[in-house]
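**Q** One file is attached below, coords_34.txt, containing compact mmCIF, C-alpha atoms.
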```txt
# COMPACT_ATOMS: atom_id res chain seq x y z
CA MET K 114 5.25 10.32 19.22
CA ASP K 115 7.58 7.31 19.62
CA ARG K 116 5.77 4.14 18.55
CA ASN K 117 8.26 1.92 20.39
CA ILE K 118 7.70 3.77 23.66
CA ASP K 119 3.94 3.31 23.27
CA LEU K 120 4.31 -0.46 22.82
CA LEU K 121 6.78 -0.77 25.71
CA TYR K 122 4.40 0.91 28.17
CA GLU K 123 1.45 -1.08 26.86
CA ALA K 124 3.29 -4.41 27.23
CA ARG K 125 4.52 -3.52 30.73
CA LEU K 126 1.06 -2.59 31.99
CA LEU K 127 -0.48 -5.79 30.63
CA GLY K 128 2.39 -7.79 32.14
CA ASN K 129 1.78 -6.26 35.58
CA VAL K 130 -1.93 -7.09 35.48
CA ILE K 131 -1.33 -10.68 34.34
CA LYS K 132 1.58 -11.40 36.68
CA GLN K 133 0.10 -9.67 39.72
CA PRO K 134 -3.74 -9.70 39.40
CA GLU K 135 -4.17 -7.79 42.66
CA ALA K 136 -2.77 -4.75 40.84
CA TRP K 137 -5.86 -4.88 38.62
CA TYR K 138 -8.14 -3.47 41.30
CA GLU K 139 -6.06 -0.30 41.59
CA ILE K 140 -6.59 0.64 37.96
CA ALA K 141 -9.80 -1.18 36.96
CA PRO K 142 -12.09 1.91 36.96
CA ASP K 143 -9.87 3.68 34.41
CA PHE K 144 -8.74 0.70 32.33
CA ARG K 145 -10.00 0.95 28.74
CA PRO K 146 -9.11 -1.07 25.62
CA GLU K 147 -8.80 2.13 23.56
CA LEU K 148 -5.78 3.15 25.64
CA PHE K 149 -3.78 0.54 23.72
CA SER K 150 -2.58 1.55 20.27
CA ASP K 151 -1.54 -1.98 19.22
CA PRO K 152 -4.55 -4.06 18.03
CA ALA K 153 -3.23 -7.25 19.64
CA TYR K 154 -2.61 -5.55 22.99
CA ARG K 155 -6.07 -3.98 22.72
CA ALA K 156 -7.52 -7.47 22.27
CA ILE K 157 -5.68 -8.69 25.40
CA ALA K 158 -7.10 -5.70 27.33
CA GLU K 159 -10.61 -6.67 26.19
CA ILE K 160 -10.01 -10.26 27.33
CA ILE K 161 -8.79 -9.08 30.76
CA ILE K 162 -11.93 -6.95 31.18
CA ASP K 163 -14.20 -9.83 30.12
CA LEU K 164 -12.48 -12.29 32.49
CA THR K 165 -12.56 -9.99 35.50
CA GLU K 166 -16.18 -8.99 34.88
CA GLY K 167 -16.96 -12.71 34.90
CA GLY K 168 -15.26 -13.06 38.28
CA GLN K 169 -12.10 -14.76 36.97
CA ARG K 170 -8.43 -13.90 37.54
CA PRO K 171 -6.68 -12.87 34.28
CA SER K 172 -3.99 -15.61 34.16
CA SER K 173 -1.68 -16.24 31.20
CA VAL K 174 -3.38 -19.56 30.39
CA LYS K 175 -6.90 -18.12 30.39
CA ILE K 176 -5.79 -15.18 28.28
CA TYR K 177 -4.03 -17.44 25.79
CA ASN K 178 -7.10 -19.71 25.47
CA GLU K 179 -9.29 -16.68 24.82
CA MET K 180 -6.75 -15.39 22.29
CA GLN K 181 -7.07 -18.64 20.38
CA LYS K 182 -10.87 -18.48 20.41
CA ARG K 183 -10.87 -14.89 19.20
CA GLN K 184 -8.05 -15.50 16.70
CA VAL K 185 -5.86 -12.75 18.10
CA GLY K 186 -2.64 -12.56 16.12
CA LEU K 187 -0.24 -13.27 19.01
CA THR K 188 1.88 -16.37 19.58
CA VAL K 189 2.74 -17.99 22.91
CA GLU K 190 6.15 -16.33 22.68
CA ASP K 191 4.52 -12.93 22.23
CA LEU K 192 2.37 -13.46 25.34
CA ILE K 193 5.38 -14.62 27.33
CA SER K 194 7.27 -11.48 26.33
CA VAL K 195 4.35 -9.41 27.60
CA VAL K 196 4.29 -11.28 30.91
CA THR K 197 8.07 -11.03 31.38
CA GLY K 198 7.81 -7.30 30.65
CA HIS K 199 6.25 -7.02 34.11
CA VAL K 200 8.35 -4.91 36.48
CA THR K 201 6.74 -4.23 39.87
CA VAL K 202 3.20 -3.89 41.16
CA LYS K 203 4.04 -0.37 42.39
CA GLU K 204 4.72 0.64 38.80
CA THR K 205 1.18 -0.24 37.68
CA LYS K 206 -0.40 3.15 38.47
CA SER K 207 2.40 5.12 36.86
CA LEU K 208 2.22 2.92 33.75
CA MET K 209 -1.53 3.52 33.61
CA ALA K 210 -0.92 7.28 33.82
CA GLU K 211 1.67 7.07 31.03
CA LEU K 212 -0.77 5.16 28.81
CA GLU K 213 -3.52 7.69 29.47
CA ASP K 214 -1.16 10.50 28.51
CA LEU K 215 -0.01 8.73 25.35
CA TYR K 216 -3.62 8.01 24.42
CA LYS K 217 -4.53 11.66 24.86
CA ARG K 218 -1.64 12.65 22.62
CA ARG K 219 -2.88 10.29 19.93
CA VAL K 220 -6.37 11.72 20.28
CA VAL K 221 -5.11 15.31 20.01
CA TYR K 222 -3.09 14.42 16.93
CA GLN K 223 -5.97 12.58 15.23
CA THR K 224 -8.56 15.20 16.20
CA LEU K 225 -6.44 18.06 14.86
CA LEU K 226 -5.78 16.06 11.70
CA ASN K 227 -9.53 15.50 11.24
CA ALA K 228 -10.20 19.18 11.90
CA LEU K 229 -7.64 20.14 9.27
CA ASN K 230 -9.31 17.84 6.75
CA LYS K 231 -12.73 19.32 7.57
CA LEU K 232 -11.41 22.87 7.19
CA GLN K 233 -10.27 21.94 3.70
CA GLN K 234 -13.39 20.03 2.69
CA ASP K 235 -16.38 21.05 4.88
CA ASP K 236 -18.68 24.02 4.24
CA LYS K 237 -19.47 24.55 7.94
CA GLU K 238 -18.45 27.77 9.70
CA THR K 239 -14.92 27.74 11.10
CA ASP K 240 -16.12 28.44 14.66
CA GLN K 241 -18.43 25.44 14.50
CA LEU K 242 -15.60 23.20 13.26
CA ILE K 243 -13.39 24.43 16.11
CA ALA K 244 -16.16 23.73 18.63
CA GLU K 245 -16.64 20.22 17.19
CA ALA K 246 -12.90 19.51 17.39
CA GLN K 247 -12.77 20.69 21.01
CA GLN K 248 -15.79 18.56 21.90
CA ALA K 249 -14.25 15.50 20.23
CA MET K 250 -11.12 15.89 22.38
CA LEU K 251 -13.15 16.43 25.56
CA ASP K 252 -15.28 13.35 24.82
CA ALA K 253 -12.16 11.25 24.33
CA PHE K 254 -10.52 12.56 27.50
CA ASP K 255 -13.65 11.72 29.49
CA LYS K 256 -13.02 8.06 28.68
CA THR K 257 -9.60 8.21 30.34
CA GLY K 258 -10.67 10.15 33.43
CA LYS K 259 -10.93 8.82 36.93
CA SER K 260 -13.94 6.80 37.98
CA ASP K 261 -17.04 8.88 38.70
CA VAL K 262 -17.46 6.93 41.94
CA LYS K 263 -15.15 8.30 44.64
CA SER K 264 -14.46 6.99 48.12
CA MET K 265 -14.62 9.31 51.13
CA GLN K 266 -10.84 8.85 51.32
CA ASP K 267 -10.58 10.37 47.83
CA VAL K 268 -12.80 13.27 48.91
CA ALA K 269 -10.80 13.79 52.11
CA GLU K 270 -7.52 13.91 50.15
CA LYS K 271 -9.01 16.41 47.72
CA LEU K 272 -10.19 18.61 50.60
CA PHE K 273 -6.77 18.35 52.25
CA TYR K 274 -4.85 19.51 49.17
CA ARG K 275 -7.39 22.27 48.50
CA GLN K 276 -7.11 23.60 52.04
CA GLU K 277 -3.32 23.41 51.90
CA ARG K 278 -3.37 25.60 48.77
CA ILE K 279 -5.71 28.03 50.51
CA GLN K 280 -3.44 28.15 53.57
CA ARG K 281 -0.43 28.92 51.34
CA GLY K 282 -2.37 31.67 49.57
CA GLU K 283 -2.27 29.82 46.24
CA GLN K 284 -6.06 29.47 45.92
CA LEU K 285 -9.00 31.50 47.15
CA PRO K 286 -11.91 29.50 48.54
CA MET K 287 -14.31 32.19 47.26
CA TYR K 288 -13.89 35.30 45.11
CA PRO K 289 -15.57 38.22 46.88
CA LEU K 290 -18.08 40.61 45.35
CA ASN K 291 -17.02 44.26 45.43
CA LEU K 292 -20.16 45.60 47.11
CA ASP K 293 -19.34 44.76 50.72
CA ARG K 294 -22.93 44.39 51.95
CA LEU K 295 -23.80 42.09 49.03
CA GLN K 296 -20.67 40.09 49.78
CA GLU K 297 -21.92 39.59 53.36
CA LEU K 298 -25.13 38.02 52.01
CA VAL K 299 -23.70 35.92 49.19
CA GLY K 300 -20.35 34.95 50.72
CA GLY K 301 -18.45 35.27 47.43
CA LEU K 302 -18.36 33.34 44.17
CA GLU K 303 -16.68 29.98 43.76
CA THR K 304 -14.97 28.60 40.67
CA GLY K 305 -17.18 26.08 38.91
CA SER K 306 -20.29 28.14 39.66
CA ILE K 307 -22.63 30.35 37.62
CA THR K 308 -24.29 33.52 38.90
CA ILE K 309 -27.34 35.01 37.17
CA VAL K 310 -27.92 38.77 37.46
CA ALA K 311 -31.47 39.46 36.25
CA ALA K 312 -33.49 42.65 35.81
CA ARG K 313 -35.69 44.56 33.42
CA PRO K 314 -33.88 46.85 30.91
CA SER K 315 -32.35 50.11 32.28
CA MET K 316 -31.95 48.78 35.83
CA GLY K 317 -28.16 48.87 35.49
CA LYS K 318 -27.30 45.17 35.24
CA THR K 319 -24.60 45.66 32.58
CA SER K 320 -22.99 48.44 34.63
CA PHE K 321 -23.24 46.27 37.76
CA MET K 322 -21.46 43.43 35.95
CA LEU K 323 -18.75 45.72 34.55
CA SER K 324 -18.19 47.31 37.95
CA GLU K 325 -17.65 43.88 39.47
CA CYS K 326 -15.35 42.88 36.60
CA ILE K 327 -13.21 46.00 37.13
CA GLY K 328 -12.96 45.21 40.83
CA TRP K 329 -11.86 41.63 40.17
CA ALA K 330 -9.32 42.76 37.58
CA GLN K 331 -7.92 45.40 39.95
CA LYS K 332 -7.33 42.60 42.49
CA GLY K 333 -5.27 40.81 39.84
CA TRP K 334 -7.83 38.21 38.76
CA PRO K 335 -7.90 38.01 34.93
CA GLY K 336 -11.17 37.47 33.12
CA LEU K 337 -13.12 37.50 29.86
CA ILE K 338 -16.14 39.64 28.94
CA ILE K 339 -18.36 38.32 26.17
CA SER K 340 -20.73 41.10 25.10
CA LEU K 341 -23.55 40.09 22.78
CA GLU K 342 -25.15 43.53 22.96
CA GLN K 343 -22.55 46.31 23.36
CA GLU K 344 -19.43 46.93 21.31
CA ASP K 345 -15.97 46.95 22.86
CA ILE K 346 -15.72 50.75 22.64
CA GLN K 347 -18.98 51.16 24.58
CA ILE K 348 -17.70 48.83 27.27
CA GLY K 349 -14.48 50.82 27.32
CA GLN K 350 -16.37 54.11 27.75
CA ARG K 351 -18.35 52.72 30.68
CA ASN K 352 -15.13 51.51 32.31
CA ILE K 353 -13.44 54.88 31.83
CA ALA K 354 -16.44 56.64 33.39
CA ASN K 355 -16.20 54.23 36.32
CA LEU K 356 -12.45 54.53 36.82
CA GLU K 357 -12.21 58.34 36.86
CA THR K 358 -15.77 59.56 37.61
CA ILE K 359 -16.38 61.09 34.20
CA PRO K 360 -20.05 61.23 33.12
CA VAL K 361 -20.28 58.63 30.38
CA GLY K 362 -22.25 61.09 28.22
CA TYR K 363 -19.22 63.39 28.11
CA LEU K 364 -17.25 60.73 26.23
CA ARG K 365 -19.37 61.36 23.13
CA ARG K 366 -18.16 64.95 22.75
CA LYS K 367 -15.10 67.20 23.06
CA LEU K 368 -13.77 67.21 26.63
CA ASP K 369 -12.63 70.21 28.66
CA GLU K 370 -9.10 70.15 30.09
CA GLU K 371 -10.10 68.70 33.48
CA ASN K 372 -12.07 65.82 32.01
CA LEU K 373 -9.50 65.25 29.28
CA ASN K 374 -6.85 64.72 31.97
CA LYS K 375 -9.21 62.31 33.73
CA PHE K 376 -9.74 60.54 30.41
CA TYR K 377 -5.99 60.02 29.88
CA SER K 378 -5.59 58.86 33.48
CA ALA K 379 -8.42 56.34 33.02
CA LEU K 380 -6.87 55.09 29.79
CA SER K 381 -3.63 54.33 31.64
CA LYS K 382 -5.56 52.36 34.27
CA LEU K 383 -7.66 50.60 31.65
CA ARG K 384 -4.60 49.36 29.78
CA GLU K 385 -3.33 47.63 32.91
CA LEU K 386 -6.51 45.67 33.63
CA PRO K 387 -6.23 41.92 32.84
CA ILE K 388 -9.54 41.86 30.96
CA ARG K 389 -10.17 40.57 27.45
CA ILE K 390 -13.33 41.31 25.47
CA ASN K 391 -15.23 39.58 22.68
CA ASP K 392 -18.06 41.72 21.26
CA ARG K 393 -19.21 39.50 18.42
CA ARG K 394 -23.01 39.36 18.28
CA GLY K 395 -25.21 36.35 17.59
CA LEU K 396 -22.92 33.77 19.20
CA THR K 397 -24.31 30.39 20.19
CA VAL K 398 -23.56 29.05 23.67
CA GLU K 399 -21.25 26.49 22.03
CA GLN K 400 -19.23 29.29 20.43
CA ILE K 401 -19.07 31.16 23.74
CA CYS K 402 -17.72 28.02 25.43
CA SER K 403 -15.20 27.56 22.63
CA ILE K 404 -13.95 31.16 22.97
CA ALA K 405 -13.63 30.77 26.76
CA ARG K 406 -11.66 27.53 26.41
CA VAL K 407 -9.21 29.17 24.02
CA GLU K 408 -8.76 32.14 26.39
CA LYS K 409 -8.16 29.78 29.31
CA MET K 410 -5.49 27.99 27.29
CA ARG K 411 -3.95 31.36 26.43
CA ASN K 412 -4.08 32.50 30.05
CA PRO K 413 -4.30 29.63 32.59
CA GLY K 414 -4.71 32.22 35.38
CA MET K 415 -8.12 33.35 34.07
CA LYS K 416 -10.61 33.30 36.96
CA TRP K 417 -13.94 34.54 35.58
CA VAL K 418 -16.13 34.82 32.46
CA ALA K 419 -18.88 37.46 32.18
CA VAL K 420 -21.60 37.10 29.52
CA ASP K 421 -24.00 39.91 28.54
CA TYR K 422 -26.60 38.50 28.08
CA LEU K 423 -28.49 35.16 28.05
CA THR K 424 -31.35 35.80 25.64
CA ALA K 425 -29.10 37.61 23.15
CA MET K 426 -27.49 34.26 22.32
CA ASN K 427 -28.28 32.70 18.98
CA MET K 428 -31.01 30.12 19.68
CA ASP K 429 -33.57 28.20 17.68
CA GLU K 430 -36.91 29.92 18.39
CA LYS K 431 -38.69 26.61 17.94
CA TYR K 432 -36.93 25.12 20.96
CA TYR K 433 -36.31 28.39 22.79
CA TYR K 434 -37.57 27.31 26.22
CA LEU K 435 -35.31 24.24 26.29
CA GLN K 436 -32.30 26.02 24.81
CA VAL K 437 -32.34 28.81 27.41
CA GLY K 438 -32.04 26.29 30.22
CA GLN K 439 -29.43 24.26 28.33
CA ALA K 440 -27.36 27.41 27.74
CA VAL K 441 -27.21 28.04 31.50
CA LYS K 442 -26.29 24.38 32.12
CA LYS K 443 -23.54 24.44 29.46
CA LEU K 444 -22.03 27.61 30.92
CA ARG K 445 -22.11 26.09 34.40
CA ASP K 446 -20.41 22.93 33.06
CA LEU K 447 -17.86 25.19 31.37
CA ALA K 448 -17.16 26.93 34.69
CA LYS K 449 -16.21 23.61 36.26
CA GLU K 450 -14.33 22.39 33.20
CA ILE K 451 -11.96 25.39 32.94
CA ASP K 452 -12.02 26.32 36.66
CA VAL K 453 -13.61 29.79 36.49
CA PHE K 454 -16.77 31.37 37.86
CA VAL K 455 -19.32 32.64 35.34
CA ILE K 456 -21.55 35.70 35.73
CA LEU K 457 -24.43 35.76 33.27
CA LEU K 458 -26.91 38.59 32.72
CA ALA K 459 -30.57 37.83 31.98
CA GLN K 460 -33.62 39.87 31.03
CA LEU K 461 -36.80 39.52 33.05
CA ASN K 462 -40.11 38.83 31.35
CA ARG K 463 -42.19 41.79 30.15
CA SER K 464 -45.06 40.62 32.37
CA VAL K 465 -43.36 42.59 35.19
CA GLU K 466 -44.58 45.82 33.57
CA SER K 467 -48.23 44.76 33.57
CA ARG K 468 -48.61 44.34 37.34
CA GLN K 469 -48.71 46.89 40.13
CA GLU K 470 -45.88 45.33 42.20
CA LYS K 471 -42.90 45.37 39.86
CA ARG K 472 -40.27 43.85 42.12
CA PRO K 473 -38.89 40.74 40.38
CA LEU K 474 -40.13 37.24 41.10
CA MET K 475 -38.46 33.97 40.14
CA SER K 476 -41.31 33.36 37.68
CA ASP K 477 -40.28 36.54 35.81
CA LEU K 478 -37.16 34.82 34.50
CA ARG K 479 -37.77 33.54 30.99
CA ALA K 480 -37.82 29.74 31.12
CA SER K 481 -37.42 30.33 34.86
CA GLY K 482 -37.67 26.67 35.83
CA ASN K 483 -34.57 25.72 33.85
CA ILE K 484 -32.60 28.81 34.79
CA GLU K 485 -33.35 28.41 38.49
CA GLU K 486 -32.42 24.74 38.40
CA PHE K 487 -28.90 25.26 37.06
CA ALA K 488 -27.94 28.62 38.59
CA ASP K 489 -25.86 28.66 41.78
CA VAL K 490 -26.65 32.28 42.62
CA ILE K 491 -29.48 34.48 41.30
CA LEU K 492 -29.49 38.24 41.96
CA PHE K 493 -32.42 40.56 41.10
CA LEU K 494 -31.97 44.31 40.55
CA TYR K 495 -34.86 46.73 41.08
CA ARG K 496 -34.99 50.56 41.09
CA GLU K 497 -38.09 52.28 42.39
CA GLY K 498 -36.82 55.52 40.83
CA TYR K 499 -37.08 54.00 37.36
CA TYR K 500 -40.84 53.50 37.71
CA ASN K 501 -41.46 56.52 39.95
CA PRO K 502 -38.89 59.19 39.03
CA GLY K 503 -38.23 61.83 41.67
CA PHE K 504 -40.14 59.93 44.38
CA LEU K 505 -37.50 61.03 46.92
CA GLY K 506 -37.18 64.52 45.49
CA SER K 507 -33.62 63.94 44.29
CA GLU K 508 -31.72 62.31 41.45
CA THR K 509 -29.72 60.34 44.02
CA GLY K 510 -32.96 58.78 45.25
CA ASP K 511 -33.66 57.51 41.74
CA TRP K 512 -30.26 55.75 41.77
CA ILE K 513 -31.01 53.67 44.86
CA THR K 514 -31.25 50.02 43.79
CA GLU K 515 -32.53 46.99 45.61
CA ILE K 516 -30.37 43.90 45.08
CA GLU K 517 -32.15 40.73 46.16
CA VAL K 518 -30.46 37.38 46.68
CA ALA K 519 -33.17 35.25 45.06
CA LYS K 520 -31.08 32.06 45.27
CA ASN K 521 -27.77 31.15 46.87
CA ARG K 522 -27.05 27.44 46.63
CA GLN K 523 -24.10 27.48 49.05
CA GLY K 524 -24.59 30.50 51.28
CA GLY K 525 -28.32 30.82 51.98
CA ASN K 526 -29.93 34.24 52.62
CA ALA K 527 -32.44 33.73 49.78
CA GLY K 528 -35.03 36.52 49.79
CA ARG K 529 -32.83 39.02 51.62
CA ARG K 530 -32.03 42.39 50.05
CA ILE K 531 -29.45 45.13 50.29
CA LEU K 532 -29.57 48.70 49.00
CA ALA K 533 -26.91 50.06 46.67
CA ILE K 534 -26.54 53.39 44.90
CA PHE K 535 -26.06 53.16 41.13
CA LYS K 536 -24.41 56.43 40.16
CA GLN K 537 -25.76 56.21 36.65
CA PRO K 538 -23.77 59.00 34.93
CA TYR K 539 -20.49 57.47 36.17
CA MET K 540 -21.40 53.77 35.91
CA GLN K 541 -20.33 53.37 39.53
CA TRP K 542 -21.87 51.30 42.33
CA GLU K 543 -21.53 51.77 46.06
CA SER K 544 -23.24 50.26 49.11
CA CYS K 545 -26.06 52.18 50.82
CA SER K 546 -25.41 51.43 54.47
CA PRO K 547 -28.11 50.97 57.12
CA GLY K 548 -28.46 54.11 59.18
CA SER K 549 -27.39 56.39 56.34
CA TYR K 550 -29.64 59.27 55.26
CA TRP K 551 -30.62 57.71 51.93
CA TYR K 552 -31.17 54.25 53.43
CA GLN K 553 -33.64 55.60 55.98
CA LYS K 554 -35.41 57.91 53.54
CA TYR K 555 -35.81 55.15 50.94
CA ASN K 556 -37.23 52.62 53.41
CA GLU K 557 -39.65 55.18 54.80
CA ALA K 558 -40.92 55.99 51.29
CA VAL K 559 -41.25 52.32 50.34
CA LYS K 560 -43.20 51.51 53.51
CA ALA K 561 -45.50 54.50 52.88
CA ASN K 562 -46.19 53.25 49.32
CA MET K 563 -47.08 49.79 50.60
CA THR K 564 -49.63 51.03 53.14
```
Is it possible to express this structure as structure tokens?
**A**
Amino acid sequence: MDRNIDLLYEARLLGNVIKQPEAWYEIAPDFRPELFSDPAYRAIAEIIIDLTEGGQRPSSVKIYNEMQKRQVGLTVEDLISVVTGHVTVKETKSLMAELEDLYKRRVVYQTLLNALNKLQQDDKETDQLIAEAQQAMLDAFDKTGKSDVKSMQDVAEKLFYRQERIQRGEQLPMYPLNLDRLQELVGGLETGSITIVAARPSMGKTSFMLSECIGWAQKGWPGLIISLEQEDIQIGQRNIANLETIPVGYLRRKLDEENLNKFYSALSKLRELPIRINDRRGLTVEQICSIARVEKMRNPGMKWVAVDYLTAMNMDEKYYYLQVGQAVKKLRDLAKEIDVFVILLAQLNRSVESRQEKRPLMSDLRASGNIEEFADVILFLYREGYYNPGFLGSETGDWITEIEVAKNRQGGNAGRRILAIFKQPYMQWESCSPGSYWYQKYNEAVKANMT
């Protein structure tokens, strides 16, 4: 970092504001004293803010008088050199951008230096120190961001550039789900959003998530799986079963020639998928966010993060209810921050098992109020065949799964359901279309049970 360059930009920006006060209104929302590395220039910035907040124009005379009152270590000649450093009003915004960038560089340098000192002296876990360093940088960058208040012109420009990128094929407005009938109801997933997939154990939610992840990866959209329950090799086995229709149970024993060939074929496909996995257990939501940020820096093209599952995160039991909701909120904030969509699995409350009607309700989500508040999409999975095995006289009937759209912030259709077939031995999912044999038979049996 060139100290002289810093001071030159700082002097020029101050000169523009003093010489042409109308330029002030273009940069006022983002103008901060901490952007200035020189203490004297920082003091002038504070004076400019105080004068303008008091309804006064920041003239050279007023600034000099305030400098004298506050005993700022600048002479008249120094102030004159600042004023004569003014170039053009048009340059004001670019100078502001340069100062913001230089400030961020100083923050990165100081934050990393502090982190290094803590690593040498602090007894905290390394992951926690990394998370603290990341948060310190994010907090500092927030101070240099654009004003939170935006005009409709700002919004219109943002929409224009977004649509232009969509028209050129550089950005998808929504990332579709792989089950076509579910996609029709939900309308796809948008970056910056979080989707909750909730069910009781053994309903197939992990396999559903992995099946969607494989589909996204096959379309060329990289992502990260954070598994707090299953090890990487178990995830790999499920993916191999899915890719080549090998019963997952076979992968725990010696394979015959046919399945061994399928296994090698699946391995080749698996290697090509742009998916990364972290299977460390007991992570806090802060550690999950930290891991995702690092992966996004490593691969800027990363589009999604999948977390299995919410209540397996390390939380303080004393504040469990609050922390569950905060975990969802932090993951949703992360989605916006690093421009990905998040899919998060959640267990439903055991109270489901104690009632006659076992289809999920929103109240079955643990800490449901908080989860519902922050989630963009909530999907419930339910299999009648789990509670009533053989009710259709066939194993396929037991695989039929109801997927309910319990909430869809952007696309509506809350309360509507589709049927899908979870081919459990192969960890595969496919739509069960209206009019098909199994669709009709299932609905007839469900109606008969309800009457």
**Q** Would you work out the distance separating atom CA of Lys471 of chain K from atom CA of Ser549 of chain K, expressed in Å to one decimal?
**A**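 Separating atom CA of Lys471 of chain K from atom CA of Ser549 of chain K is a distance of 25.2 Å.
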**Q** Between K:Ser264, K:Gln541, K:Asn501, K:Asn230, which has the minimum distance to Pro360 of chain K (counting all atoms listed in the file)?
**A** K:Gln541
**Q** Select, from K:Ile388, K:Ile279, K:Val310, K:Ile401, the residue with the minimum atom-to-atom distance to Ile243 of chain K, counting only C-alpha atoms.
**A**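 Closest candidate: K:Ile401.
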**Q** In terms of the shortest atom-to-atom distance over all atoms listed in the file, which of K:Ala210, K:Leu457, K:Ile176, K:Ala158 is closest to Lys318 of chain K?
**A** K:Leu457
**Q** With distances taken over only C-alpha atoms, which of K:Tyr177, K:Tyr274, K:Tyr122, K:Tyr216 is nearest to Pro146 of chain K?
**A** K:Tyr216
**Q** What is the distance, in Å and to one decimal place, between atom CA of Lys175 of chain K and atom CA of Ile131 of chain K?
**A**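 Those two atoms sit 10.1 Å apart.
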**Q** With all atoms listed in the file as the atoms that count, which of K:Ile513, K:Ala527, K:Met426, K:Met540 lies nearest to Tyr555 of chain K?
**A** K:Ile513
**Q** Around the point (-27.1, 31.1, 47.0) (coordinates from the file), which residues reach within 12 Å if we count only C-alpha atoms? Answer as number ranges by chain.
**A** K: 295-303, 306-309, 485-492, 517-529
**Q** Got time to write the residues from that selection, C-alpha atoms, as a compact mmCIF listing (two decimals), in the coordinates of the input?
**A**
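As a result, part04.txt now contains:
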```txt
# COMPACT_ATOMS: atom_id res chain seq x y z
CA LEU K 295 -23.80 42.09 49.03
CA GLN K 296 -20.67 40.09 49.78
CA GLU K 297 -21.92 39.59 53.36
CA LEU K 298 -25.13 38.02 52.01
CA VAL K 299 -23.70 35.92 49.19
CA GLY K 300 -20.35 34.95 50.72
CA GLY K 301 -18.45 35.27 47.43
CA LEU K 302 -18.36 33.34 44.17
CA GLU K 303 -16.68 29.98 43.76
CA SER K 306 -20.29 28.14 39.66
CA ILE K 307 -22.63 30.35 37.62
CA THR K 308 -24.29 33.52 38.90
CA ILE K 309 -27.34 35.01 37.17
CA GLU K 485 -33.35 28.41 38.49
CA GLU K 486 -32.42 24.74 38.40
CA PHE K 487 -28.90 25.26 37.06
CA ALA K 488 -27.94 28.62 38.59
CA ASP K 489 -25.86 28.66 41.78
CA VAL K 490 -26.65 32.28 42.62
CA ILE K 491 -29.48 34.48 41.30
CA LEU K 492 -29.49 38.24 41.96
CA GLU K 517 -32.15 40.73 46.16
CA VAL K 518 -30.46 37.38 46.68
CA ALA K 519 -33.17 35.25 45.06
CA LYS K 520 -31.08 32.06 45.27
CA ASN K 521 -27.77 31.15 46.87
CA ARG K 522 -27.05 27.44 46.63
CA GLN K 523 -24.10 27.48 49.05
CA GLY K 524 -24.59 30.50 51.28
CA GLY K 525 -28.32 30.82 51.98
CA ASN K 526 -29.93 34.24 52.62
CA ALA K 527 -32.44 33.73 49.78
CA GLY K 528 -35.03 36.52 49.79
CA ARG K 529 -32.83 39.02 51.62
```
**Q** Counting all atoms listed in the file, which residues come within 12 Å of (-12.2, 59.3, 37.7), with the point read in the file's coordinates, and could you list them as JSON, numbers by chain?
**A** {"K": [350, 351, 352, 353, 354, 355, 356, 357, 358, 359, 360, 361, 371, 372, 373, 374, 375, 376, 377, 378, 379, 380, 381, 382, 383, 538, 539, 540, 541]}
**Q** Please identify all polymer residues within 8 Å of segment 534-537 of chain K, counting all atoms listed in the file, omitting same-chain residues fewer than 3 positions from it, and present them as a list of chain:residue names.
**A**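 Contacts, with the query itself left out: K:Gly317, K:Thr509, K:Trp512, K:Ile513, K:Thr514, K:Met540, K:Gln541, K:Trp542, K:Glu543, K:Ser544, K:Cys545.
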**Q** Which residue out of K:Asp369, K:Glu557, K:Glu245, K:Asp214 has the minimum interatomic distance to Asn227 of chain K when all atoms listed in the file are used?
**A**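 Comparing K:Asp369, K:Glu557, K:Glu245, K:Asp214 against Asn227 of chain K, the winner is K:Glu245.
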**Q** For atom CA of Glu166 of chain K and atom CA of Phe149 of chain K, determine how far apart the two atoms are, in Å to one decimal place.
**A**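 Going from atom CA of Glu166 of chain K over to atom CA of Phe149 of chain K, I get 19.2 Å.
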**Q** If we count only C-alpha atoms, what is near Val441 of chain K at a cut-off of 7 Å, once residues fewer than 4 positions away on the same chain are taken out, given as JSON, numbers by chain?
**A** {"K": [437, 445, 484, 487]}
